[in-house]
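> Below are the structure tokens for one structure; questions will follow.
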Amino acid sequence: MDVKKKIYLSQMGYRLLKKKRDALIIELLSSIEKAKNARNEFDSEYALAREKIGMAQATDGIVKIKSAAFARKEGPSFTLTKANVMGIEVPHISKTKVQSAVSERGYGIGSTSSRIDEASLCYERVVEKIIIAAEFETIIKKILSEIEKTKRRVNSLEQKTLPELLEAEKMINDRLNEKEREKNYLIKKIKRDVI
Amino acid sequence: MEDNAAYFNARISAMKAKIFPKLTYEKMMLMELPEITRYISEGDYHQDVTELSKNFKGIDLIEYALNLNLARTYEKLINISSGNINRFITQYMKRWDNENIKSILRGLQSQASSEEIAEAIVPVGKLKFAYLLSLTKMDYESAKRDLEEKKIIPSGIEELKKLEYELDRNYYMDSIALADDIGEEGLTIYLLNEVDIYNLKILLRLKGSGADFSVIQENIIPLGKKITKESLGKFKVMDYEESIRFANKLFDRMDLDPKEPISILEQQIDNYLIRLGERVSHLNMFSTLAALGFILRKNSEISNLRLIVRGKQLGLELGSIEKMLVV
């Protein structure tokens, strides 16, 4: 009875884990797509930011750029919460505060230029894209590790646990049948002796 | 006429003759980047490039060498001038002191290393480079206190942004007062226009970024003749494009296109001021104006060379580089 229960449970688990694995793969594919888009956006923003910083260097000089960069006191801030994807805890980044107004960047307006503003804005966007890309890439890593874990569990159930339990069930059934046969034989023998 | 104005004028004329003409920039723009850097490092900038070649390389080396050359030029101007011309150059150099002080305080506040901060200092100005370097090794509070004690910065201003504004305001106040004291009308006209241009750039930049008008007012230096309380009242109710059109009316011979991006407009506004300075400098060749004319040309040469070198490195189109050159 115990083995039968175990087999039932294992088969149920096996089916569920297989479904989970398939769902995770679907989730992974969708996350890969999102990560790819985030990476592409990051690449184009970064190219633009490099162009803008180049322009700022050409017109204002590297010294002014370095000086303006020092002025930034606060780093980017964002709220990190947890989301649930098929039972896995994944990071969810919300309320990102990277972009700031010209007057909030810490540098005096008089000694900087709009080229520096443009370059700062582009790099703020780059940081935003990095945060988004990092979120998706972490999700992908977590899903991949979960798929790996699920795959191992499915394999273990399929290749080891279930065959062993089925083997045990077969052995128990054989033993019970044999006992049954022995019992029948004994009954028949006793009957024959009595008659 | 100043006591050594004739001598100064002769020296300045010789120095002006060495400044690259338009044709040289046109030739440079057709060269490849290594050719340009070689051309610069073999000419008047040879000593500066050689001296800095241990610490920097590539385009950064050229840029730092240009700054060093500028520092040496100012030093030379101080040495060959006397009287009011000397007073004017000394005062003009204070703008570099202000920029260096801003860089140092910004760097210290963001806890950058002294080496990093030192790279953001231009060795130009009245303050000794060794003193500036010593400041980079202090913490923010100590450096600020030291500057306050030496009366280099006004005391009692906590926020760095406000301190930067005060430095700019004080610089222009002192410069205009000096011009008035010297009695050189052309210089006063130029300085008042410079303040107006400073204010106009802030106004358009902040308006373009959608900043509140109170932020604009906070950053305006109330010394100019065109960006006044009255004109600010008009700017307040205008949108960005209307403001540009109004600026064209306010400034004689200014022709800004509201469709152009602010970075291009800013460049055009800077060029407007340089052209004005050039015109003013011809009013009296034996006065502070001769120094002003040379300083503007030298500054333009440094900016142009940097623009060509960096522009080439970036792969900018020749037309774009040419548009931004000041010749």
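Chain identifiers are assigned as A, B, and so on, following the order in which chains appear in the structure tokens; residues are numbered from 1 within each chain, and ligands are numbered from 1 in order of appearance.
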Using only C-alpha atoms, which chain A residues lie at most 10 Å away from chain B, written as a compact mmCIF listing (two decimals) with N, CA and C atoms, in the first residue's frame?

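As a result, result.txt now contains:
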```txt
# COMPACT_ATOMS: atom_id res chain seq x y z
N ARG A 50 28.00 57.84 -26.15
CA ARG A 50 29.43 57.99 -26.52
C ARG A 50 29.61 59.14 -27.50
N GLU A 51 28.64 59.25 -28.39
CA GLU A 51 28.70 60.33 -29.37
C GLU A 51 28.57 61.69 -28.66
N LYS A 52 27.62 61.73 -27.72
CA LYS A 52 27.37 63.00 -27.02
C LYS A 52 28.56 63.39 -26.14
N ILE A 53 29.13 62.40 -25.46
CA ILE A 53 30.27 62.73 -24.59
C ILE A 53 31.46 63.15 -25.46
N GLY A 54 31.57 62.55 -26.63
CA GLY A 54 32.62 62.94 -27.57
C GLY A 54 32.44 64.39 -28.00
N MET A 55 31.19 64.75 -28.28
CA MET A 55 30.91 66.13 -28.69
C MET A 55 31.23 67.10 -27.56
N ALA A 56 30.85 66.68 -26.34
CA ALA A 56 31.12 67.53 -25.18
C ALA A 56 32.63 67.68 -24.96
N GLN A 57 33.36 66.58 -25.16
CA GLN A 57 34.82 66.64 -25.01
C GLN A 57 35.42 67.56 -26.07
N ALA A 58 34.87 67.48 -27.28
CA ALA A 58 35.41 68.29 -28.37
C ALA A 58 35.18 69.78 -28.14
N THR A 59 34.03 70.12 -27.59
CA THR A 59 33.73 71.54 -27.44
C THR A 59 34.13 72.10 -26.07
N ASP A 60 33.90 71.33 -25.02
CA ASP A 60 34.18 71.86 -23.68
C ASP A 60 35.52 71.39 -23.12
N GLY A 61 36.03 70.29 -23.64
CA GLY A 61 37.31 69.79 -23.15
C GLY A 61 37.12 68.76 -22.05
N ILE A 62 38.10 67.88 -21.96
CA ILE A 62 38.02 66.75 -21.02
C ILE A 62 38.01 67.22 -19.57
N VAL A 63 38.71 68.33 -19.32
CA VAL A 63 38.81 68.84 -17.95
C VAL A 63 37.44 69.26 -17.42
N LYS A 64 36.68 69.95 -18.25
CA LYS A 64 35.35 70.40 -17.84
C LYS A 64 34.42 69.21 -17.62
N ILE A 65 34.58 68.20 -18.45
CA ILE A 65 33.72 67.01 -18.33
C ILE A 65 34.02 66.31 -17.00
N LYS A 66 35.32 66.17 -16.72
CA LYS A 66 35.71 65.50 -15.48
C LYS A 66 35.18 66.28 -14.28
N SER A 67 35.34 67.59 -14.36
CA SER A 67 34.89 68.44 -13.27
C SER A 67 33.38 68.32 -13.06
N ALA A 68 32.63 68.32 -14.15
CA ALA A 68 31.16 68.22 -14.04
C ALA A 68 30.77 66.85 -13.49
N ALA A 69 31.54 65.83 -13.88
CA ALA A 69 31.22 64.47 -13.42
C ALA A 69 31.37 64.35 -11.90
N PHE A 70 32.34 65.09 -11.34
CA PHE A 70 32.55 65.06 -9.89
C PHE A 70 31.32 65.58 -9.13
N ALA A 71 30.61 66.52 -9.79
CA ALA A 71 29.54 67.22 -9.09
C ALA A 71 28.40 66.30 -8.67
N ARG A 72 28.29 65.19 -9.35
CA ARG A 72 27.17 64.29 -9.06
C ARG A 72 27.38 63.62 -7.71
N LYS A 73 26.50 63.96 -6.77
CA LYS A 73 26.66 63.40 -5.42
C LYS A 73 25.87 62.10 -5.25
N GLU A 74 24.65 62.12 -5.79
CA GLU A 74 23.78 60.96 -5.58
C GLU A 74 23.87 59.98 -6.74
N ALA A 101 16.78 66.50 -13.44
CA ALA A 101 16.70 67.79 -14.14
C ALA A 101 18.09 68.43 -14.14
N VAL A 102 18.30 69.33 -15.09
CA VAL A 102 19.60 70.00 -15.22
C VAL A 102 20.02 70.62 -13.89
N SER A 103 19.04 71.24 -13.22
CA SER A 103 19.37 71.95 -11.97
C SER A 103 19.60 70.99 -10.80
N GLU A 104 19.34 69.70 -11.02
CA GLU A 104 19.52 68.74 -9.91
C GLU A 104 20.82 67.95 -10.03
N ARG A 105 21.61 68.27 -11.07
CA ARG A 105 22.79 67.42 -11.31
C ARG A 105 23.99 67.80 -10.44
N GLY A 106 23.87 68.82 -9.66
CA GLY A 106 24.93 69.15 -8.71
C GLY A 106 25.91 70.18 -9.23
N TYR A 107 26.04 70.31 -10.54
CA TYR A 107 27.00 71.30 -11.04
C TYR A 107 26.34 72.67 -11.23
N GLY A 108 27.15 73.69 -11.12
CA GLY A 108 26.65 75.05 -11.35
C GLY A 108 26.31 75.20 -12.82
N ILE A 109 25.22 75.89 -13.12
CA ILE A 109 24.77 75.99 -14.51
C ILE A 109 25.74 76.85 -15.34
N GLY A 110 26.27 77.87 -14.71
CA GLY A 110 27.11 78.82 -15.44
C GLY A 110 28.39 78.23 -16.00
N SER A 111 28.97 77.26 -15.30
CA SER A 111 30.27 76.75 -15.75
C SER A 111 30.16 75.45 -16.54
N THR A 112 28.95 75.10 -16.93
CA THR A 112 28.78 73.89 -17.76
C THR A 112 28.02 74.30 -19.03
N SER A 113 27.80 73.32 -19.88
CA SER A 113 27.12 73.67 -21.13
C SER A 113 26.02 72.67 -21.45
N SER A 114 25.25 72.99 -22.49
CA SER A 114 24.16 72.09 -22.87
C SER A 114 24.73 70.77 -23.42
N ARG A 115 25.96 70.82 -23.96
CA ARG A 115 26.57 69.56 -24.44
C ARG A 115 26.80 68.62 -23.25
N ILE A 116 27.21 69.18 -22.12
CA ILE A 116 27.40 68.35 -20.93
C ILE A 116 26.04 67.84 -20.45
N ASP A 117 25.02 68.70 -20.52
CA ASP A 117 23.66 68.26 -20.14
C ASP A 117 23.22 67.08 -20.99
N GLU A 118 23.44 67.22 -22.31
CA GLU A 118 23.00 66.17 -23.23
C GLU A 118 23.73 64.85 -22.94
```
> Could you pull out all residues of chain A with a DSSP call of helix (DSSP H, G or I) and give them as a VMD selection string?
chain A and resid 2 to 60 62 to 70 102 to 104 114 to 194
> Which distance in Å separates atom CA of Ala130 of chain B and atom CA of Gly293 of chain B, to one decimal?
29.6 Å
> Please provide the set of residues having any atom within 9 Å of Ala71 of chain B, restricted to only C-alpha atoms, with same-chain residues fewer than 5 positions apart removed, written as a VMD selection string.
chain B and resid 66 76 122 to 125
> Residues within 10 Å of Lys234 of chain B, please, as a list of chain:residue names. Count only C-alpha atoms; anything in the same chain fewer than 4 positions from it doesn't count.
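So the residues in contact are B:Thr228, B:Lys229, B:Glu230, B:Met238, B:Ser243, B:Phe246.
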> Rank A:Glu89, A:Asp174, A:Glu182, A:Glu137 by their smallest atom-to-atom distance to Glu33 of chain A, using only C-alpha atoms, and report the top residue only.
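Among the listed residues, the smallest separation from Glu33 of chain A belongs to A:Glu137.
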> Taking only C-alpha atoms into account, name the residue in A:Ile132, A:Lys19, A:Gln11, A:Lys97 that is nearest to Asn37 of chain A.
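Nearest candidate to Asn37 of chain A out of A:Ile132, A:Lys19, A:Gln11, A:Lys97: A:Ile132.
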> Excluding Ser10 of chain A and any residue of its chain fewer than 2 positions from it, enumerate the residues within 12 Å of it, using only C-alpha atoms, and give them as a list in words.
Val3, Lys4, Lys5, Lys6, Ile7, Tyr8, Met12, Gly13, Tyr14, Arg15, Leu16, Leu17, Lys18, Arg153, Val154, Asn155, Ser156, Leu157, Glu158, Gln159, Lys160, Thr161, Leu162, Pro163, Glu164, Leu165 and Leu166 of chain A
> Only N, CA, C and O atoms, please: the residues just picked out, written as a compact mmCIF listing (two decimals), in the first residue's frame.

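Okay, part_29.txt is ready:
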```txt
# COMPACT_ATOMS: atom_id res chain seq x y z
N VAL A 3 4.00 1.54 -1.00
CA VAL A 3 4.72 1.69 -2.27
C VAL A 3 3.77 2.22 -3.34
O VAL A 3 4.12 3.09 -4.13
N LYS A 4 2.54 1.70 -3.32
CA LYS A 4 1.56 2.15 -4.31
C LYS A 4 1.30 3.66 -4.18
O LYS A 4 1.23 4.39 -5.16
N LYS A 5 1.22 4.09 -2.89
CA LYS A 5 1.01 5.51 -2.63
C LYS A 5 2.20 6.33 -3.16
O LYS A 5 2.03 7.37 -3.79
N LYS A 6 3.38 5.73 -2.89
CA LYS A 6 4.60 6.43 -3.33
C LYS A 6 4.64 6.52 -4.86
O LYS A 6 5.01 7.55 -5.42
N ILE A 7 4.27 5.43 -5.51
CA ILE A 7 4.27 5.43 -6.98
C ILE A 7 3.28 6.48 -7.50
O ILE A 7 3.59 7.26 -8.40
N TYR A 8 2.12 6.49 -6.88
CA TYR A 8 1.10 7.45 -7.30
C TYR A 8 1.62 8.89 -7.16
O TYR A 8 1.52 9.69 -8.08
N MET A 12 2.48 11.56 -10.08
CA MET A 12 1.85 12.90 -10.05
C MET A 12 2.92 13.98 -10.12
O MET A 12 2.83 14.93 -10.89
N GLY A 13 3.94 13.81 -9.27
CA GLY A 13 5.05 14.77 -9.21
C GLY A 13 5.75 14.86 -10.54
O GLY A 13 6.08 15.96 -11.01
N TYR A 14 5.95 13.70 -11.14
CA TYR A 14 6.64 13.65 -12.43
C TYR A 14 5.89 14.47 -13.48
O TYR A 14 6.46 15.29 -14.20
N ARG A 15 4.56 14.24 -13.52
CA ARG A 15 3.75 14.97 -14.50
C ARG A 15 3.77 16.49 -14.22
O ARG A 15 3.94 17.29 -15.13
N LEU A 16 3.64 16.81 -12.92
CA LEU A 16 3.64 18.24 -12.55
C LEU A 16 4.98 18.91 -12.89
O LEU A 16 5.02 20.00 -13.44
N LEU A 17 6.07 18.20 -12.55
CA LEU A 17 7.40 18.77 -12.81
C LEU A 17 7.65 18.96 -14.30
O LEU A 17 8.26 19.94 -14.73
N LYS A 18 7.12 17.99 -15.09
CA LYS A 18 7.28 18.12 -16.54
C LYS A 18 6.55 19.36 -17.05
O LYS A 18 7.05 20.11 -17.87
N ARG A 153 15.21 16.81 -11.30
CA ARG A 153 14.15 16.14 -10.54
C ARG A 153 13.34 15.22 -11.46
O ARG A 153 13.04 14.08 -11.11
N VAL A 154 12.97 15.74 -12.64
CA VAL A 154 12.19 14.93 -13.60
C VAL A 154 12.99 13.70 -13.99
O VAL A 154 12.46 12.57 -13.96
N ASN A 155 14.26 13.91 -14.30
CA ASN A 155 15.11 12.78 -14.68
C ASN A 155 15.24 11.77 -13.56
O ASN A 155 15.19 10.56 -13.79
N SER A 156 15.42 12.32 -12.36
CA SER A 156 15.58 11.41 -11.22
C SER A 156 14.31 10.58 -11.01
O SER A 156 14.38 9.38 -10.74
N LEU A 157 13.16 11.25 -11.15
CA LEU A 157 11.90 10.52 -11.01
C LEU A 157 11.75 9.49 -12.14
O LEU A 157 11.37 8.35 -11.90
N GLU A 158 12.08 9.95 -13.35
CA GLU A 158 11.88 9.10 -14.53
C GLU A 158 12.85 7.93 -14.56
O GLU A 158 12.47 6.80 -14.86
N GLN A 159 14.12 8.24 -14.25
CA GLN A 159 15.16 7.22 -14.42
C GLN A 159 15.41 6.39 -13.16
O GLN A 159 15.88 5.27 -13.27
N LYS A 160 15.14 6.97 -11.99
CA LYS A 160 15.53 6.24 -10.77
C LYS A 160 14.34 5.91 -9.88
O LYS A 160 13.99 4.73 -9.72
N THR A 161 13.73 6.95 -9.35
CA THR A 161 12.69 6.72 -8.34
C THR A 161 11.56 5.84 -8.86
O THR A 161 11.23 4.81 -8.25
N LEU A 162 10.97 6.26 -10.00
CA LEU A 162 9.83 5.50 -10.51
C LEU A 162 10.20 4.05 -10.89
O LEU A 162 9.51 3.11 -10.45
N PRO A 163 11.28 3.84 -11.65
CA PRO A 163 11.63 2.44 -11.96
C PRO A 163 11.87 1.61 -10.70
O PRO A 163 11.45 0.45 -10.63
N GLU A 164 12.53 2.25 -9.72
CA GLU A 164 12.80 1.50 -8.47
C GLU A 164 11.50 1.15 -7.75
O GLU A 164 11.34 0.02 -7.26
N LEU A 165 10.60 2.13 -7.70
CA LEU A 165 9.32 1.88 -7.02
C LEU A 165 8.52 0.82 -7.78
O LEU A 165 7.90 -0.08 -7.16
N LEU A 166 8.55 0.94 -9.11
CA LEU A 166 7.81 -0.06 -9.91
C LEU A 166 8.42 -1.45 -9.73
O LEU A 166 7.70 -2.46 -9.64
```
> Can you tell me, as a list in words, what residues are no more than 9 Å from Pro91 of chain A when counting only C-alpha atoms, ignoring any on the same chain fewer than 4 positions away?
Leu80, Thr81, Lys82, Ala83, Asn84, Glu135, Phe136, Thr138 and Ile139 of chain A
> Write the selection just made, keeping C-alpha atoms, as a PDB file, in the first residue's frame?

```pdb
ATOM      1  CA  LEU A  80      13.868  46.303  -5.692  1.00  0.00           C
ATOM      2  CA  THR A  81      10.895  44.033  -4.999  1.00  0.00           C
ATOM      3  CA  LYS A  82      10.358  40.316  -5.461  1.00  0.00           C
ATOM      4  CA  ALA A  83       8.060  38.834  -8.066  1.00  0.00           C
ATOM      5  CA  ASN A  84       6.997  35.216  -8.448  1.00  0.00           C
ATOM      6  CA  GLU A 135      16.649  42.695 -14.169  1.00  0.00           C
ATOM      7  CA  PHE A 136      15.917  40.481 -17.178  1.00  0.00           C
ATOM      8  CA  THR A 138      18.896  37.955 -13.456  1.00  0.00           C
ATOM      9  CA  ILE A 139      15.447  36.534 -14.218  1.00  0.00           C
TER      10      ILE A 139
END
```
